[in-house]
Amino acid sequence: MSSKKGQIPHEGLFLKIFKDLDNTRDFLKKHFSQEIKQYFDLDSLQLEATNYIDDKMKQYYSDLVFSIRLINHEFPAAKLYLLFEHKGAPELMPGLQILRYMALEWKDLYDQRRLVNGKLPPIIPILIYQGQEDWKTIKTSFQDLVDAPSDSFKAYIPDFSFAFFNVRGMDETKVQGNILLKFYVEIIKRQNDPNIKGIPSRLVRGLLESMERRTALEYIEIFFKYLVKSSGHLGEEDYKKALELLPEGGEKIMETLADQWLKEGEDRGVILGKEQGKLEYAQETLIDVAGDFHGPLSTSLQDKIKSIRSIENLRTLTRKVYKTQSLEEFTELVNRAAQN
């Protein structure tokens with residue numbers, strides 16, 4: 001998945017986690033050697049804007065760039081740049097893409113005259129892999145990607161390595177102190193494990209207990225949206241059960257998830273080129289969601305739903321399921337939609 005579009009849902013979860021400076025600081029503390037960390041002034045960590053990249057280039061540009069001041073350095077004002085890239089599936093030559101990112105970042109720093117004694121600042125490229133497929137042959141040294149006839153050619157080949165972190169292989173004890181990194185690593189590792197069913201409820205409880213409610217809701221939603229797309233072992237009832245632990249706000253998240261389930265079905269219909277397939281999926285999604293919420297639907301009510309020919313009306317009904325107080329109230333909404 002080399003494009004940004006192809007990396008969804010990995011992209012949304014990755015950005016939400018690492019745009020939080022506390023999470024990135026904790027990651028750097030736990031996953032870099034003391035020889036490197038001794039130069040980090042972690043309190044100075046900040047996310048750099050990359051708005052200078054035009055729309056055409058944004059689809060290729062790195063996800064996140066941070067700057068951090070250097071300490072114990074002959075130029076105390078100098079900054080180090082951390083270039084975070086992530087992948088949802090193995091690629092043949094990620095080093096080539098990373099080299100491009102580094103060159104773009106250095107070019108922008110040069111154009112802005114942000115040099116130190118006429119020199120460019122260092123950049124540490126960091127590749128984080130979230131995918132489930134084994135990445136068996138990852139070459140982190142760029143020179144290993146070039147087939148040169150002899151070592152004499154290496155003087156003309158860029159010489160750099162990038163830090164590679166496979167989330168599935170991370171030591172979970174290193175992230176126990178940060179609840180967001182803890183669940184991030186656990187969910188990436190166990191998304192295809194049938195035992196994942198216990199995670200949504202633990203996630204909701206853990207986030208509610210450790211952070212402000214609005215922030216907790218934001219993270220619950222992004223984690224659940226990721227799980228909906230990435231895990232086949234969780235059903236609507238699992239999310240509903242977890243969200244019932246919320247004092248309020250769960251209905252809105254369920255509406256968002258219902259929209260996502262429906263949209264996925266419509267996208268599949270577009271791919272297949274079948275409008276009828278899109279309509280049938282919308283009907284089936286409404287039947288499934290309402291059945292999970294109110295109990296099994298009667299055959300007559302299912303037939304009534306199948307008589308609705310408007311995908312937009314079906315989408316609206318799916319969002320409204322979680323606001324209805326009874327099966328009778330839901331049935332009334334269906335009857336109205338079927339008459340339009």
# chains A, B, ... in the order shown; residues from 1 in each chain; ligands from 1
call {"tool": "residues_around", "arguments": {"residues": "A:Lys154", "least_positions_apart": "5", "cutoff": "12 Å", "atoms": "only C-alpha atoms", "output": "list in words"}}
result
Phe142, Gln143, Asp144, Leu145, Val146, Asp147, Ala148, Pro149, Asp159 and Phe160 of chain A
call {"tool": "write_last_selection", "arguments": {"atoms": "N, CA and C atoms", "output": "PDB file, in the first residue's frame"}}
result
ATOM      1  N   PHE A 142      20.534   2.092   2.766  1.00  0.00           N
ATOM      2  CA  PHE A 142      20.232   2.442   1.385  1.00  0.00           C
ATOM      3  C   PHE A 142      21.240   1.830   0.419  1.00  0.00           C
ATOM      4  N   GLN A 143      22.503   1.767   0.807  1.00  0.00           N
ATOM      5  CA  GLN A 143      23.510   1.234  -0.114  1.00  0.00           C
ATOM      6  C   GLN A 143      23.258  -0.225  -0.452  1.00  0.00           C
ATOM      7  N   ASP A 144      22.551  -0.947   0.425  1.00  0.00           N
ATOM      8  CA  ASP A 144      22.219  -2.344   0.133  1.00  0.00           C
ATOM      9  C   ASP A 144      21.183  -2.474  -0.976  1.00  0.00           C
ATOM     10  N   LEU A 145      20.520  -1.368  -1.329  1.00  0.00           N
ATOM     11  CA  LEU A 145      19.511  -1.403  -2.384  1.00  0.00           C
ATOM     12  C   LEU A 145      20.111  -1.237  -3.774  1.00  0.00           C
ATOM     13  N   VAL A 146      21.379  -0.847  -3.835  1.00  0.00           N
ATOM     14  CA  VAL A 146      22.019  -0.534  -5.121  1.00  0.00           C
ATOM     15  C   VAL A 146      22.971  -1.655  -5.497  1.00  0.00           C
ATOM     16  N   ASP A 147      22.839  -2.127  -6.720  1.00  0.00           N
ATOM     17  CA  ASP A 147      23.699  -3.193  -7.229  1.00  0.00           C
ATOM     18  C   ASP A 147      24.906  -2.556  -7.912  1.00  0.00           C
ATOM     19  N   ALA A 148      26.009  -2.448  -7.172  1.00  0.00           N
ATOM     20  CA  ALA A 148      27.219  -1.814  -7.703  1.00  0.00           C
ATOM     21  C   ALA A 148      28.256  -2.881  -8.055  1.00  0.00           C
ATOM     22  N   PRO A 149      29.032  -2.661  -9.100  1.00  0.00           N
ATOM     23  CA  PRO A 149      30.020  -3.665  -9.514  1.00  0.00           C
ATOM     24  C   PRO A 149      31.142  -3.873  -8.499  1.00  0.00           C
ATOM     25  N   ASP A 159      24.616   7.155   1.432  1.00  0.00           N
ATOM     26  CA  ASP A 159      24.901   6.211   2.510  1.00  0.00           C
ATOM     27  C   ASP A 159      24.118   6.614   3.758  1.00  0.00           C
ATOM     28  N   PHE A 160      22.996   5.961   4.000  1.00  0.00           N
ATOM     29  CA  PHE A 160      22.218   6.216   5.210  1.00  0.00           C
ATOM     30  C   PHE A 160      21.397   4.976   5.546  1.00  0.00           C
TER      31      PHE A 160
END
call {"tool": "select_by_dssp", "arguments": {"residues": "stretch 135-229 of chain A", "states": "strand (DSSP E or B)", "output": "list of chain:residue names"}}
result
A:Ser141, A:Ser161, A:Ala163, A:Phe164, A:Phe165, A:Asn166
call {"tool": "write_last_selection", "arguments": {"atoms": "C-alpha atoms", "output": "short mmCIF file (atom, residue, chain, number, x, y, z; two decimals), in the first residue's frame"}}
result
data_model
loop_
_atom_site.label_atom_id
_atom_site.label_comp_id
_atom_site.auth_asym_id
_atom_site.auth_seq_id
_atom_site.Cartn_x
_atom_site.Cartn_y
_atom_site.Cartn_z
CA SER A 141 20.74 0.51 4.61
CA SER A 161 20.07 3.84 7.23
CA ALA A 163 15.24 3.06 11.99
CA PHE A 164 12.71 0.27 11.41
CA PHE A 165 10.07 -0.64 14.01
CA ASN A 166 7.62 -3.47 13.43
#
call {"tool": "atom_distance", "arguments": {"atom1": "atom CA of A:Leu286", "atom2": "atom CA of A:Leu314"}}
result
6.8 Å
call {"tool": "residues_around", "arguments": {"residues": "A:Leu70", "least_positions_apart": "2", "cutoff": "6 Å", "atoms": "only C-alpha atoms", "output": "number ranges by chain"}}
result
A: 39-41, 78-79
call {"tool": "write_last_selection", "arguments": {"atoms": "N, CA and C atoms", "output": "PDB file, in the first residue's frame"}}
result
ATOM      1  N   TYR A  39      21.462  13.155  23.221  1.00  0.00           N
ATOM      2  CA  TYR A  39      21.456  14.425  22.493  1.00  0.00           C
ATOM      3  C   TYR A  39      20.057  15.031  22.393  1.00  0.00           C
ATOM      4  N   PHE A  40      19.020  14.296  22.811  1.00  0.00           N
ATOM      5  CA  PHE A  40      17.634  14.759  22.658  1.00  0.00           C
ATOM      6  C   PHE A  40      17.227  15.689  23.807  1.00  0.00           C
ATOM      7  N   ASP A  41      16.810  16.885  23.491  1.00  0.00           N
ATOM      8  CA  ASP A  41      16.116  17.734  24.456  1.00  0.00           C
ATOM      9  C   ASP A  41      14.625  17.489  24.246  1.00  0.00           C
ATOM     10  N   ALA A  78      21.341  24.051  17.300  1.00  0.00           N
ATOM     11  CA  ALA A  78      21.024  23.164  16.174  1.00  0.00           C
ATOM     12  C   ALA A  78      19.850  22.260  16.516  1.00  0.00           C
ATOM     13  N   LYS A  79      19.102  21.894  15.488  1.00  0.00           N
ATOM     14  CA  LYS A  79      17.968  20.985  15.653  1.00  0.00           C
ATOM     15  C   LYS A  79      18.218  19.679  14.917  1.00  0.00           C
TER      16      LYS A  79
END
call {"tool": "residues_around", "arguments": {"residues": "stretch 328-331 of chain A", "least_positions_apart": "2", "cutoff": "10 Å", "atoms": "only C-alpha atoms", "output": "compact mmCIF listing (two decimals) with N, CA and C atoms, in the first residue's frame"}}
result
# COMPACT_ATOMS: atom_id res chain seq x y z
N ALA A 290 -30.02 -3.05 13.27
CA ALA A 290 -31.26 -2.98 14.06
C ALA A 290 -31.49 -4.28 14.84
N HIS A 294 -32.10 -4.11 18.71
CA HIS A 294 -33.44 -4.36 19.23
C HIS A 294 -33.80 -5.84 19.31
N LEU A 297 -35.31 -9.16 14.00
CA LEU A 297 -36.44 -8.50 13.36
C LEU A 297 -37.37 -9.53 12.74
N LEU A 301 -40.96 -7.10 8.98
CA LEU A 301 -40.19 -5.87 9.11
C LEU A 301 -38.98 -5.90 8.19
N LYS A 304 -40.18 -5.08 4.84
CA LYS A 304 -40.47 -3.66 4.74
C LYS A 304 -39.18 -2.88 4.46
N ILE A 305 -38.11 -3.26 5.17
CA ILE A 305 -36.81 -2.61 4.94
C ILE A 305 -36.34 -2.85 3.51
N LEU A 317 -31.60 5.80 8.30
CA LEU A 317 -32.20 4.89 9.27
C LEU A 317 -31.13 4.15 10.08
N LYS A 320 -29.93 6.28 12.73
CA LYS A 320 -30.93 6.58 13.76
C LYS A 320 -31.25 5.39 14.66
N VAL A 321 -30.82 4.21 14.29
CA VAL A 321 -31.15 3.02 15.09
C VAL A 321 -30.79 3.23 16.55
N TYR A 322 -29.62 3.80 16.81
CA TYR A 322 -29.11 3.90 18.18
C TYR A 322 -29.80 5.01 18.97
N LYS A 323 -30.67 5.76 18.31
CA LYS A 323 -31.42 6.80 19.02
C LYS A 323 -32.84 6.35 19.34
N THR A 324 -33.27 5.23 18.77
CA THR A 324 -34.62 4.76 19.03
C THR A 324 -34.68 4.03 20.37
N GLN A 325 -35.76 4.22 21.08
CA GLN A 325 -35.91 3.66 22.42
C GLN A 325 -36.55 2.27 22.43
N SER A 326 -37.19 1.92 21.31
CA SER A 326 -37.89 0.63 21.27
C SER A 326 -38.00 0.14 19.84
N LEU A 333 -40.32 4.41 12.09
CA LEU A 333 -39.41 5.10 11.19
C LEU A 333 -39.29 4.36 9.86
N VAL A 334 -39.25 3.04 9.93
CA VAL A 334 -39.15 2.23 8.71
C VAL A 334 -40.42 2.42 7.86
N ASN A 335 -41.58 2.40 8.51
CA ASN A 335 -42.84 2.56 7.78
C ASN A 335 -42.89 3.90 7.06
N ARG A 336 -42.39 4.95 7.71
CA ARG A 336 -42.39 6.26 7.07
C ARG A 336 -41.46 6.29 5.87
N ALA A 337 -40.27 5.69 6.05
CA ALA A 337 -39.30 5.68 4.93
C ALA A 337 -39.81 4.86 3.76
call {"tool": "atom_distance", "arguments": {"atom1": "atom CA of A:Asn313", "atom2": "atom CA of A:Thr299"}}
result
20.0 Å
call {"tool": "select_by_dssp", "arguments": {"residues": "stretch 9-247 of chain A", "states": "helix (DSSP H, G or I)", "output": "MDAnalysis selection string"}}
result
chainID A and resid 10:18 21:31 34:37 55:58 94:111 142:145 151:156 167:169 172:175 179:190 194:210 213:230 236:243
call {"tool": "atom_distance", "arguments": {"atom1": "atom CA of A:Tyr81", "atom2": "atom CA of A:Ser44"}}
result
11.7 Å
